[in-house]
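Enquirer: My structure is in target.txt, and what it holds is compact mmCIF, C-alpha atoms:
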# COMPACT_ATOMS: atom_id res chain seq x y z
CA MET A 1 14.25 12.34 26.72
CA GLU A 2 16.43 9.65 25.10
CA LEU A 3 13.36 7.74 23.78
CA GLU A 4 12.01 10.73 21.86
CA TYR A 5 15.43 11.39 20.32
CA LEU A 6 15.67 7.75 19.16
CA VAL A 7 12.19 7.77 17.59
CA SER A 8 12.57 11.09 15.80
CA THR A 9 16.02 10.34 14.37
CA VAL A 10 15.04 6.90 13.03
CA LEU A 11 11.81 8.21 11.50
CA THR A 12 13.54 11.14 9.83
CA ILE A 13 16.05 8.69 8.35
CA LEU A 14 13.17 6.66 6.84
CA ILE A 15 11.37 9.59 5.23
CA PRO A 16 13.58 9.86 2.07
CA PHE A 17 13.06 6.15 1.37
CA TYR A 18 9.31 6.72 1.45
CA LEU A 19 9.67 9.66 -0.94
CA THR A 20 11.78 7.67 -3.43
CA SER A 21 9.23 4.86 -3.54
CA PHE A 22 6.48 7.45 -4.11
CA LEU A 23 8.54 8.78 -7.02
CA LEU A 24 8.82 5.25 -8.49
CA TYR A 25 5.03 4.82 -8.20
CA ILE A 26 4.50 8.16 -9.94
CA ILE A 27 6.78 7.02 -12.77
CA ARG A 28 4.55 3.97 -13.23
CA VAL A 29 1.43 6.18 -13.13
CA VAL A 30 2.85 8.33 -15.93
CA LYS A 31 4.33 5.45 -17.94
CA GLY A 32 1.63 2.81 -17.45
CA PRO A 33 0.46 1.72 -20.94
CA THR A 34 -3.05 0.68 -19.96
CA LEU A 35 -5.68 2.23 -17.69
CA SER A 36 -5.43 -0.69 -15.27
CA ASP A 37 -1.70 -0.13 -14.80
CA ARG A 38 -2.31 3.47 -13.90
CA VAL A 39 -5.12 2.61 -11.49
CA LEU A 40 -2.96 -0.08 -9.89
CA ALA A 41 -0.10 2.39 -9.40
CA VAL A 42 -2.43 5.06 -7.97
CA ASP A 43 -3.93 2.35 -5.76
CA SER A 44 -0.67 1.32 -4.13
CA LEU A 45 0.56 4.93 -4.10
CA GLY A 46 -2.53 5.89 -2.10
CA TYR A 47 -2.17 3.04 0.35
CA ASP A 48 1.52 3.80 0.95
CA LEU A 49 0.74 7.49 1.30
CA ALA A 50 -1.77 6.57 4.01
CA ALA A 51 0.91 4.55 5.79
CA PHE A 52 3.33 7.44 5.43
CA MET A 53 0.80 9.78 7.01
CA VAL A 54 0.37 7.41 9.95
CA VAL A 55 4.14 7.29 10.46
CA LEU A 56 4.31 11.07 10.14
CA SER A 57 1.57 11.52 12.68
CA VAL A 58 3.72 9.60 15.18
CA LEU A 59 6.75 11.68 14.26
CA LEU A 60 4.99 15.06 14.35
CA LYS A 61 2.87 14.17 17.41
CA ALA A 62 -0.36 14.96 15.49
CA PRO A 63 -2.78 12.03 16.02
CA LEU A 64 -5.49 13.70 13.93
CA MET A 65 -3.66 12.86 10.66
CA ILE A 66 -4.64 9.20 10.99
CA VAL A 67 -8.27 10.13 10.33
CA SER A 68 -7.28 11.53 6.94
CA ALA A 69 -5.07 8.50 6.25
CA LEU A 70 -8.10 6.27 6.88
CA ALA A 71 -10.24 8.38 4.56
CA LEU A 72 -7.54 8.29 1.88
CA ALA A 73 -7.39 4.48 2.05
CA LEU A 74 -11.19 4.27 1.71
CA TRP A 75 -11.24 6.63 -1.27
CA VAL A 76 -8.49 4.73 -3.06
CA TYR A 77 -10.47 1.53 -2.53
CA ALA A 78 -13.55 3.24 -3.98
CA LEU A 79 -11.50 4.29 -7.03
CA ASP A 80 -10.46 0.67 -7.51
CA ILE A 81 -14.00 -0.66 -7.33
CA TYR A 82 -15.35 2.05 -9.61
CA VAL A 83 -12.74 1.50 -12.31
CA ALA A 84 -13.32 -2.26 -12.10
CA LYS A 85 -17.05 -1.73 -12.51
CA TYR A 86 -16.46 0.71 -15.40
CA LEU A 87 -14.14 -1.73 -17.16
CA GLU A 88 -16.66 -4.57 -16.87
CA ALA A 89 -19.85 -2.59 -17.43
CA ARG A 90 -18.52 -0.90 -20.56
CA GLU A 91 -17.52 -4.30 -21.92
CA MET A 92 -20.93 -5.82 -21.16
CA GLY A 93 -22.72 -2.82 -22.58
CA GLY A 94 -20.90 -3.10 -25.90
CA MET B 1 11.78 -1.21 29.80
CA ILE B 2 8.54 -2.27 28.16
CA SER B 3 8.24 1.03 26.31
CA LEU B 4 11.77 0.72 24.91
CA LEU B 5 10.93 -2.80 23.69
CA LEU B 6 7.73 -1.55 22.04
CA VAL B 7 9.56 1.34 20.40
CA ILE B 8 12.28 -0.94 19.04
CA LEU B 9 9.67 -3.40 17.73
CA GLY B 10 7.66 -0.60 16.13
CA LEU B 11 10.69 0.92 14.46
CA THR B 12 11.79 -2.42 13.01
CA LEU B 13 8.28 -3.03 11.64
CA ILE B 14 8.29 0.42 10.05
CA ALA B 15 11.74 -0.25 8.55
CA ILE B 16 10.47 -3.58 7.15
CA GLY B 17 7.49 -1.67 5.74
CA VAL B 18 9.75 0.85 4.03
CA PHE B 19 11.74 -2.00 2.48
CA PHE B 20 8.55 -3.68 1.17
CA ASP B 21 7.33 -0.33 -0.11
CA PHE B 22 10.55 0.10 -2.08
CA VAL B 23 10.42 -3.48 -3.39
CA GLY B 24 6.78 -3.02 -4.44
CA ALA B 25 7.61 0.19 -6.27
CA LEU B 26 10.54 -1.43 -8.06
CA GLY B 27 8.44 -4.49 -8.93
CA LEU B 28 5.72 -2.27 -10.34
CA LEU B 29 8.29 -0.67 -12.62
CA ARG B 30 10.28 -3.72 -13.69
CA LEU B 31 7.64 -6.43 -14.23
CA PRO B 32 6.56 -6.94 -17.87
CA ASN B 33 2.78 -6.69 -17.89
CA PHE B 34 -0.26 -5.83 -15.75
CA TYR B 35 -0.92 -9.27 -14.29
CA THR B 36 2.63 -9.72 -13.05
CA ARG B 37 2.58 -6.19 -11.64
CA LEU B 38 -0.44 -7.14 -9.53
CA HIS B 39 1.87 -9.25 -7.39
CA ALA B 40 4.26 -6.35 -6.83
CA ALA B 41 1.41 -3.93 -6.11
CA THR B 42 -0.28 -6.12 -3.50
CA ALA B 43 3.10 -6.94 -1.91
CA GLY B 44 3.79 -3.21 -1.82
CA ALA B 45 0.33 -2.48 -0.46
CA ILE B 46 0.33 -5.11 2.31
CA GLY B 47 3.99 -5.14 3.28
CA GLY B 48 4.44 -1.45 2.59
CA ALA B 49 1.26 -0.09 4.16
CA VAL B 50 -0.22 -2.54 6.67
CA VAL B 51 3.08 -3.49 8.32
CA PRO B 52 4.24 0.10 8.94
CA MET B 53 0.83 0.94 10.37
CA LEU B 54 1.12 -1.96 12.82
CA GLY B 55 4.64 -0.77 13.60
CA ALA B 56 3.39 2.77 14.11
CA SER B 57 0.70 1.56 16.51
CA LEU B 58 3.31 -0.37 18.56
CA LEU B 59 5.62 2.62 18.40
CA ALA B 60 2.85 4.94 19.57
CA LEU B 61 2.08 2.59 22.49
CA GLY B 62 5.71 2.64 23.51
CA ALA B 63 6.36 6.36 23.07
CA GLU B 64 5.79 7.51 26.67
CA TYR B 65 6.70 11.12 25.85
CA LEU B 66 3.51 11.52 23.79
CA GLY B 67 1.37 11.42 26.92
CA PRO B 68 -2.24 10.16 26.97
CA GLN B 69 -2.88 10.91 23.28
CA ARG B 70 -0.64 8.02 22.26
CA PHE B 71 -3.45 5.52 22.96
CA PHE B 72 -5.64 7.25 20.35
CA LEU B 73 -2.72 7.11 17.93
CA ALA B 74 -2.13 3.41 18.59
CA GLY B 75 -5.80 2.49 18.30
CA ALA B 76 -6.41 4.45 15.13
CA ALA B 77 -3.25 3.12 13.48
CA PHE B 78 -4.21 -0.46 14.37
CA ALA B 79 -7.79 0.02 13.10
CA SER B 80 -6.62 1.50 9.80
CA SER B 81 -4.08 -1.29 9.33
CA ILE B 82 -6.76 -3.97 9.79
CA LEU B 83 -9.09 -2.08 7.43
CA LEU B 84 -6.33 -1.66 4.87
CA MET B 85 -5.47 -5.37 5.05
CA ILE B 86 -9.01 -6.14 3.85
CA LEU B 87 -9.35 -3.29 1.35
CA ALA B 88 -6.07 -3.71 -0.52
CA GLN B 89 -6.84 -7.31 -1.47
CA ALA B 90 -10.45 -6.75 -2.46
CA GLY B 91 -9.61 -3.70 -4.56
CA SER B 92 -6.81 -5.24 -6.58
CA HIS B 93 -8.80 -8.48 -7.04
CA ALA B 94 -11.73 -6.53 -8.46
CA LEU B 95 -9.41 -4.62 -10.75
CA ALA B 96 -7.65 -7.79 -11.92
CA ARG B 97 -10.95 -9.57 -12.65
CA ALA B 98 -12.32 -6.61 -14.58
CA THR B 99 -9.13 -6.22 -16.58
CA TYR B 100 -9.08 -9.92 -17.45
CA ILE B 101 -12.72 -9.97 -18.54
CA SER B 102 -12.44 -6.79 -20.60
CA GLN B 103 -8.97 -7.71 -21.97
CA GLY B 104 -7.86 -4.26 -20.79
CA ALA B 105 -4.21 -5.30 -20.48
CA PRO B 106 -1.99 -7.30 -22.89
CA LEU B 107 -1.19 -10.89 -21.89
CA GLU B 108 1.85 -11.29 -24.14
CA PRO B 109 4.65 -12.48 -21.83
CA ILE B 110 2.25 -15.08 -20.34
CA GLU B 111 2.08 -18.18 -22.59
CA TYR B 112 -0.10 -20.56 -20.55
CA ASP B 113 -3.44 -19.06 -19.39
CA ALA B 114 -5.12 -21.54 -17.00
CA LEU B 115 -8.31 -19.51 -16.77
CA ARG B 116 -8.88 -19.66 -20.53
CA GLU B 117 -8.14 -23.42 -20.53
CA ARG B 118 -10.77 -23.93 -17.83
CA GLY B 119 -13.16 -21.74 -19.81
CA ARG B 120 -12.85 -24.12 -22.76
CA GLY B 121 -13.37 -27.15 -20.50
CA GLY B 122 -9.61 -27.73 -20.05
CA SER B 123 -8.05 -29.43 -17.02
Please, can you express the file's structure as structure tokens?
Expert:
Amino acid sequence: MELEYLVSTVLTILIPFYLTSFLLYIIRVVKGPTLSDRVLAVDSLGYDLAAFMVVLSVLLKAPLMIVSALALALWVYALDIYVAKYLEAREMGG
Amino acid sequence: MISLLLVILGLTLIAIGVFFDFVGALGLLRLPNFYTRLHAATAGAIGGAVVPMLGASLLALGAEYLGPQRFFLAGAAFASSILLMILAQAGSHALARATYISQGAPLEPIEYDALRERGRGGS
């Protein structure tokens, strides 16, 4: 099937780019001076990982992976909100 | 013919998403402090996550060889992209507000702080 060959070759070409950007995010997670930098890096790392899983689920013909990508996006959002609340609440409590 | 068009459109959207992802990652590394990195992170989150998901849903619609399960793939990818479009903004806004209020991150490369001016009754 010519279509399948086109889709799988192009997606396999894109995978290393995804992995390099994940590496750059991880560098910022490790290097980030403040807590907010680290949370911001984990935040965008999680969202891009969810997008990567959606693209992989098309490549590997496994539609069930999108459910975990959705859950990952929700959990990363929850991390954001919790850290924001912690940063503010601790300051108000002081 | 339609499926080839959808596949081409989906693949270009995914390629654009990969480019934004890379730009967001580089911006997160190169920009001087937290508040400037917010721009890179949200650009990386929206361009690098929502756009590839839209591309993946178009691609899944076009990929005839997947059979009937491709509609589930397309719908779920579209739903998660819409959800992510809302979540990414709200999450980074909450983080930015909390960091600004609790002075969690240094402001040093930024000279003019409009929010503080308004706080003191500035313009």
Enquirer: Compute the set of chain B residues within 8 Å of chain A, using only C-alpha atoms, and express it as an NGL selection string.
Expert: :B and (4 or 7 or 11 or 15 or 18 or 21-22 or 25-26 or 28-29 or 34 or 38 or 41-42 or 44-45 or 48-50 or 52-53 or 56 or 59-60 or 63 or 65-66 or 69-70 or 72-73 or 76-77 or 80 or 84 or 87-88 or 91-92 or 94-99 or 101-102 or 104-105)
Enquirer: Figure out the distance between CA of Tyr100 (chain B) and CA of Tyr112 (chain B), please, to one decimal in Å.
Expert: 14.3 Å
Enquirer: Using all atoms listed in the file, which of B:His39, B:Pro32, B:His93, B:Leu13 sits nearest Gly55 (chain B)?
Expert: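 So, comparing all the options, the nearest one is B:Leu13.
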Enquirer: Find, counting only C-alpha atoms, the residue in B:Leu31, B:Leu6, B:Ile46, B:Ile14 that gets nearest to Ser81 (chain B).
Expert: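 Among B:Leu31, B:Leu6, B:Ile46, B:Ile14, it is B:Ile46 that comes nearest to Ser81 (chain B).
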Enquirer: Can you work out the spacing between CA of Gly27 (chain B) and CA of Ala114 (chain B) in Å, to one decimal?
Expert: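 Between these atoms lies a distance of 23.2 Å.
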Enquirer: Could you check how far CA of Phe20 (chain B) sits from CA of Arg37 (chain B), in Å to one decimal?
Expert: 14.4 Å
